[in-house]
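Following: one structure in structure tokens, then a few remarks.
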Amino acid sequence: MADKFDVIVIGAGPGGYVAAIKAAQLGLKTACVEMWTDEGGKPVLGGTCLNVGCIPSKALLEISHKYEEAKHGFAEQGIQVSDVSVDIAKMMERKGTIVKNLTGGIASLFKANGVTPIHGRGRLLSGKQVEVTDNDGKVEVYQAENVIIATGSRPIEIPPTPLKDDVIVDSEGALSFSEVPKRLGVIGAGVIGLELGSVWARLGSEVVVLEALESFLPGVDQQIAKEALKHFKKQGLDIRLKSRVTASEVKRGVVKVTYDDGKGEQELKCDKLIVAVGRAPYTANLLAADAGVNMDERGFIFVDDNCQTDAPGVYAIGDVVRGPMLAHKASEEGVMVAERIAGHKAQVNYDCIPNVIYTHPEVAWVGKTEEALKAEGEEYKVGTFPFSANGRAMAANAPIGMVKIIADAETDRILGVHIIGPQASELVAQAVIAMEFVSSAEDLALTVFAHPTLSESVHEAALAVDGNAIHIANRKRKK
Ligand code: FAD
Ligand code: AMP
């Protein structure tokens, strides 16, 4: 038997590496097992988020947005540029550098905090033992007082579109195309499909998104989703709802996709196809039969509100358990579990987790949608403010979208904030803080915001909740 640890974390994504650092900070002897290697076979920390998720996708979104602005947005602002072109190899190199710096940063943080990294595939045995098999097949067993499972998720594959070399790819493959595909198909109009579709559409691909559902972004407040769909279509994303993919065929490098749109079988030809139909918890070869950890009916590791599994002293966090598949949700669960292991009180406020779609305009929200409140029979009031009436948005050449604040009709407590527009991802943080402090719409309305800022739209939307907006005509004034 090898070393004994207070905490062994399996998985070094944003859930696992944050849990490990926090546990070590709290004085617990901590190890983190990770099996990821780079192309050269070197161990890499950071998980999906840093290697093939949040960070590389945002790098490509930022770069492609700049390219599109230079190509189409500069002239109307009086900036003349000619011969704007994109160098994909350079763009990918930059993305790679960002990823490398960040993943290397986690290794440094482990060192600084005294976390022991263990490279290999972890498997939980009974009695909180963790078996680790390294690349050479060498097996070592470690004993832990506590185990945190943070093994994340993997892209879902569907039978009609098996992945094929560089032609039918998942989200990971779509982050590494070596050239701009002329015709790009995307299956799934979820967050990942829309973000990756946007990247390549900005760079020049003709993009068709096939989505099985009839409604667009069903989890998003529908007033915002409708506005988003309008903008995405205007940008050239050909989003076909009610279009379920049933088959595909690759011939001479061209993908023929068959889909059913309710009226019959349709066909789409494209040069690359991205399958972005969701992600599934990753638990392959993870649990020995007598480990005592159970799954729910959807294959997620079953945990209570505090991420405790059915096995005492074994916790699970992040994408491998229920709840939204988001990096910051995984990290917060990691901190909570480390704190609880150290004997402190800690909880995650699942009602205040922000969501972002990093398209242009960005879509961001926290709390409840109007649809959810209606279904619950709640009485509420709504204030909206359009960025078209915001001076800073105009100056930034981005006067599109709106801020929408929903508050309890009686208590005025903010129940949900929904934003579509410039820097929505940053603006939503104000709403998260307000909701975390159980703020009323009036609290926000009474707060002073700097001028001219995009944030003034949050202020005005809060004022509008009670019909007190200054910079737009209030539709209905409350008595
Ligand atoms: P992961 O990040 O998946 O990490 C799990 C780690 O465990 C991996 O490194 C894996 O190798 C390791 N592992 C698995 N099994 C074992 C084992 N048996 N032994 C050892 N190691 C193991 N979220 C956001 O919040 N914002 C975004 O903008 C965003 N963009 C995204 C874009 C894309 C293209 C994708 C694919 C995802 C995106 N996400 C985003 C989701 C985000 O990446 C995940 O929610 C997050 O990474 C989950 O963290 P995690 O720690 O639970 O799992
Ligand atoms: P998300 O789970 O948010 O990543 O979104 C994935 C999307 O893919 C969902 O909206 C699904 O409805 C959609 N989807 C799943 N299977 C298919 C399919 N065969 N054809 C088209 N869309 C699909």
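Chain identifiers are assigned as A, B, and so on, following the order in which chains appear in the structure tokens; residues are numbered from 1 within each chain, and ligands are numbered from 1 in order of appearance.
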**Request:** Residues within 7 Å of ligand 1, counting only C-alpha atoms and all ligand atoms: report them as number ranges by chain.
**Result:** A: 10-16, 33-36, 45-49, 52-54, 57-58, 120-123, 150-154, 171-172, 192, 282-283, 285-286, 317-320, 325-328, 330, 356, 358
Since we have the selection now, will you write its residues out, keeping N, CA and C atoms, as a short mmCIF file (atom, residue, chain, number, x, y, z; two decimals), in the first residue's frame?
```cif
data_model
loop_
_atom_site.label_atom_id
_atom_site.label_comp_id
_atom_site.auth_asym_id
_atom_site.auth_seq_id
_atom_site.Cartn_x
_atom_site.Cartn_y
_atom_site.Cartn_z
N ILE A 10 -10.46 12.46 -7.33
CA ILE A 10 -10.27 11.79 -8.64
C ILE A 10 -10.79 12.73 -9.72
N GLY A 11 -9.88 13.25 -10.55
CA GLY A 11 -10.25 14.20 -11.61
C GLY A 11 -9.74 15.58 -11.27
N ALA A 12 -9.05 16.21 -12.22
CA ALA A 12 -8.48 17.55 -11.97
C ALA A 12 -9.07 18.59 -12.92
N GLY A 13 -10.39 18.53 -13.14
CA GLY A 13 -11.10 19.60 -13.84
C GLY A 13 -11.39 20.72 -12.84
N PRO A 14 -12.24 21.68 -13.22
CA PRO A 14 -12.52 22.80 -12.30
C PRO A 14 -13.18 22.36 -11.00
N GLY A 15 -13.85 21.21 -11.01
CA GLY A 15 -14.39 20.67 -9.76
C GLY A 15 -13.26 20.11 -8.92
N GLY A 16 -12.50 19.19 -9.49
CA GLY A 16 -11.48 18.45 -8.75
C GLY A 16 -10.29 19.29 -8.33
N VAL A 33 -5.83 12.75 -8.41
CA VAL A 33 -5.51 11.77 -9.45
C VAL A 33 -6.09 12.26 -10.78
N GLU A 34 -5.27 12.32 -11.81
CA GLU A 34 -5.76 12.77 -13.13
C GLU A 34 -5.09 11.93 -14.22
N MET A 35 -5.89 11.53 -15.22
CA MET A 35 -5.34 10.64 -16.26
C MET A 35 -5.04 11.36 -17.57
N TRP A 36 -5.44 12.64 -17.70
CA TRP A 36 -5.32 13.36 -18.98
C TRP A 36 -3.85 13.54 -19.37
N LEU A 45 -3.26 18.89 -16.24
CA LEU A 45 -4.37 19.15 -15.31
C LEU A 45 -5.38 20.08 -15.97
N GLY A 46 -6.52 20.30 -15.33
CA GLY A 46 -7.48 21.29 -15.84
C GLY A 46 -8.74 20.72 -16.45
N GLY A 47 -8.73 19.43 -16.82
CA GLY A 47 -9.96 18.77 -17.28
C GLY A 47 -10.52 19.32 -18.58
N THR A 48 -11.81 19.07 -18.76
CA THR A 48 -12.51 19.51 -19.96
C THR A 48 -12.42 21.03 -20.09
N CYS A 49 -12.71 21.71 -19.00
CA CYS A 49 -12.81 23.18 -19.00
C CYS A 49 -11.58 23.83 -19.62
N VAL A 52 -10.41 21.39 -23.38
CA VAL A 52 -11.26 21.27 -24.58
C VAL A 52 -12.65 21.86 -24.35
N GLY A 53 -12.77 22.79 -23.40
CA GLY A 53 -14.11 23.32 -23.10
C GLY A 53 -14.13 24.83 -23.03
N CYS A 54 -14.42 25.34 -21.83
CA CYS A 54 -14.63 26.78 -21.62
C CYS A 54 -13.52 27.62 -22.23
N SER A 57 -12.77 27.32 -26.19
CA SER A 57 -13.94 27.82 -26.96
C SER A 57 -14.02 29.33 -26.83
N LYS A 58 -13.74 29.86 -25.64
CA LYS A 58 -13.80 31.32 -25.49
C LYS A 58 -12.66 32.00 -26.24
N GLY A 120 -2.62 9.09 -13.54
CA GLY A 120 -3.13 7.77 -13.88
C GLY A 120 -4.64 7.74 -13.78
N ARG A 121 -5.19 6.56 -14.10
CA ARG A 121 -6.65 6.39 -14.05
C ARG A 121 -7.04 5.90 -12.66
N GLY A 122 -7.92 6.63 -12.00
CA GLY A 122 -8.32 6.26 -10.64
C GLY A 122 -9.55 5.38 -10.63
N ARG A 123 -9.60 4.48 -9.66
CA ARG A 123 -10.77 3.62 -9.50
C ARG A 123 -11.02 3.48 -8.02
N ALA A 150 -14.58 13.57 -9.07
CA ALA A 150 -14.82 14.76 -9.91
C ALA A 150 -14.42 14.42 -11.34
N THR A 151 -15.01 13.33 -11.85
CA THR A 151 -14.56 12.79 -13.14
C THR A 151 -15.27 13.41 -14.35
N GLY A 152 -16.20 14.32 -14.11
CA GLY A 152 -16.73 15.13 -15.20
C GLY A 152 -17.65 14.41 -16.16
N SER A 153 -17.58 14.86 -17.41
CA SER A 153 -18.52 14.34 -18.42
C SER A 153 -17.82 14.19 -19.76
N ARG A 154 -18.48 13.52 -20.66
CA ARG A 154 -17.98 13.30 -22.02
C ARG A 154 -19.09 13.65 -23.00
N SER A 171 -17.43 18.26 -29.85
CA SER A 171 -17.01 19.63 -29.54
C SER A 171 -15.49 19.75 -29.53
N GLU A 172 -14.81 18.68 -29.10
CA GLU A 172 -13.34 18.74 -29.04
C GLU A 172 -12.76 18.90 -30.44
N ILE A 192 -23.36 24.66 -26.48
CA ILE A 192 -22.11 24.31 -27.17
C ILE A 192 -22.28 24.40 -28.69
N TYR A 282 -19.23 10.98 -16.72
CA TYR A 282 -18.18 10.02 -17.07
C TYR A 282 -17.82 9.15 -15.86
N THR A 283 -18.22 7.89 -15.94
CA THR A 283 -17.97 6.99 -14.81
C THR A 283 -17.39 5.64 -15.27
N ASN A 285 -15.29 2.55 -15.79
CA ASN A 285 -14.28 1.86 -14.97
C ASN A 285 -13.91 2.62 -13.70
N LEU A 286 -14.84 3.34 -13.15
CA LEU A 286 -14.53 4.20 -12.01
C LEU A 286 -14.78 3.54 -10.66
N ILE A 317 -18.79 15.55 -7.19
CA ILE A 317 -19.06 16.97 -7.53
C ILE A 317 -18.97 17.18 -9.04
N GLY A 318 -19.53 18.29 -9.50
CA GLY A 318 -19.34 18.72 -10.89
C GLY A 318 -20.26 18.02 -11.88
N ASP A 319 -19.77 17.87 -13.11
CA ASP A 319 -20.59 17.31 -14.19
C ASP A 319 -21.04 15.88 -13.94
N VAL A 320 -20.34 15.17 -13.05
CA VAL A 320 -20.68 13.75 -12.83
C VAL A 320 -21.89 13.59 -11.90
N MET A 325 -24.33 21.53 -15.99
CA MET A 325 -22.93 21.19 -16.30
C MET A 325 -22.17 22.48 -16.57
N LEU A 326 -21.69 23.08 -15.51
CA LEU A 326 -20.99 24.36 -15.60
C LEU A 326 -19.75 24.31 -14.72
N ALA A 327 -18.67 24.93 -15.21
CA ALA A 327 -17.41 24.89 -14.49
C ALA A 327 -17.52 25.52 -13.10
N HIS A 328 -18.23 26.67 -13.03
CA HIS A 328 -18.30 27.36 -11.73
C HIS A 328 -19.17 26.62 -10.74
N ALA A 330 -19.23 23.32 -10.64
CA ALA A 330 -18.31 22.26 -10.19
C ALA A 330 -17.36 22.80 -9.12
N VAL A 356 -24.35 31.29 -18.93
CA VAL A 356 -23.98 32.21 -20.01
C VAL A 356 -23.88 31.46 -21.33
N TYR A 358 -21.98 32.32 -24.78
CA TYR A 358 -21.02 33.34 -25.22
C TYR A 358 -21.10 33.62 -26.71
#
```
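Around ligand 2, using only C-alpha atoms and all ligand atoms and a cut-off of 7 Å, the residues in contact are Ile158, Ile187, Gly188, Ala189, Gly190, Val191, Ile192, Gly193, Leu210, Glu211, Ala212, Leu213, Ser243, Arg244, Val245, Thr246, Ala276, Val277, Gly278 and Arg279 of chain A.
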Store the residues picked out above in a file with C-alpha atoms, as an mmCIF file, in the first residue's frame.
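Output below, filename out_26.cif:
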```cif
data_model
loop_
_atom_site.group_PDB
_atom_site.id
_atom_site.type_symbol
_atom_site.label_atom_id
_atom_site.label_comp_id
_atom_site.auth_asym_id
_atom_site.auth_seq_id
_atom_site.Cartn_x
_atom_site.Cartn_y
_atom_site.Cartn_z
ATOM 1 C CA ILE A 158 -25.680 9.279 -31.218
ATOM 2 C CA ILE A 187 -26.436 18.907 -34.587
ATOM 3 C CA GLY A 188 -27.946 20.457 -31.474
ATOM 4 C CA ALA A 189 -28.857 24.106 -30.824
ATOM 5 C CA GLY A 190 -27.729 23.983 -27.205
ATOM 6 C CA VAL A 191 -25.054 26.222 -25.697
ATOM 7 C CA ILE A 192 -22.107 24.314 -27.174
ATOM 8 C CA GLY A 193 -23.661 23.970 -30.657
ATOM 9 C CA LEU A 210 -30.278 21.042 -36.840
ATOM 10 C CA GLU A 211 -32.266 20.900 -33.612
ATOM 11 C CA ALA A 212 -34.768 18.164 -32.787
ATOM 12 C CA LEU A 213 -36.873 20.307 -30.466
ATOM 13 C CA SER A 243 -35.256 18.719 -37.299
ATOM 14 C CA ARG A 244 -34.190 15.381 -35.854
ATOM 15 C CA VAL A 245 -31.114 13.818 -37.414
ATOM 16 C CA THR A 246 -31.726 10.179 -38.291
ATOM 17 C CA ALA A 276 -23.245 18.754 -30.042
ATOM 18 C CA VAL A 277 -26.185 16.852 -28.599
ATOM 19 C CA GLY A 278 -25.210 17.108 -24.947
ATOM 20 C CA ARG A 279 -22.833 15.530 -22.468
#
```
**Asked** Smallest atom-to-atom distance to Ala288 (chain A): which of A:Ile63, A:Leu124, A:Ala462, A:Leu427, using only C-alpha atoms?
**Response** A:Leu124
**Prompt:** Which residue out of A:Ala280, A:Pro160, A:Ala291, A:Phe216 has the minimum interatomic distance to Arg322 (chain A) when only C-alpha atoms are used?
**Reply:** A:Ala280
**Request:** With a distance cut-off of 8 Å and only C-alpha atoms, select the neighbouring residues of Gly299 (chain A), excluding the residue or stretch itself and same-chain residues fewer than 2 positions from it, and output the selection as a count of residues only.
**Result:** 6
**Prompt:** With only C-alpha atoms as the atoms that count, which of A:Val84, A:Ala431, A:Val44, A:Val337 lies nearest to Leu102 (chain A)?
**Reply:**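 Closest candidate: A:Val44.
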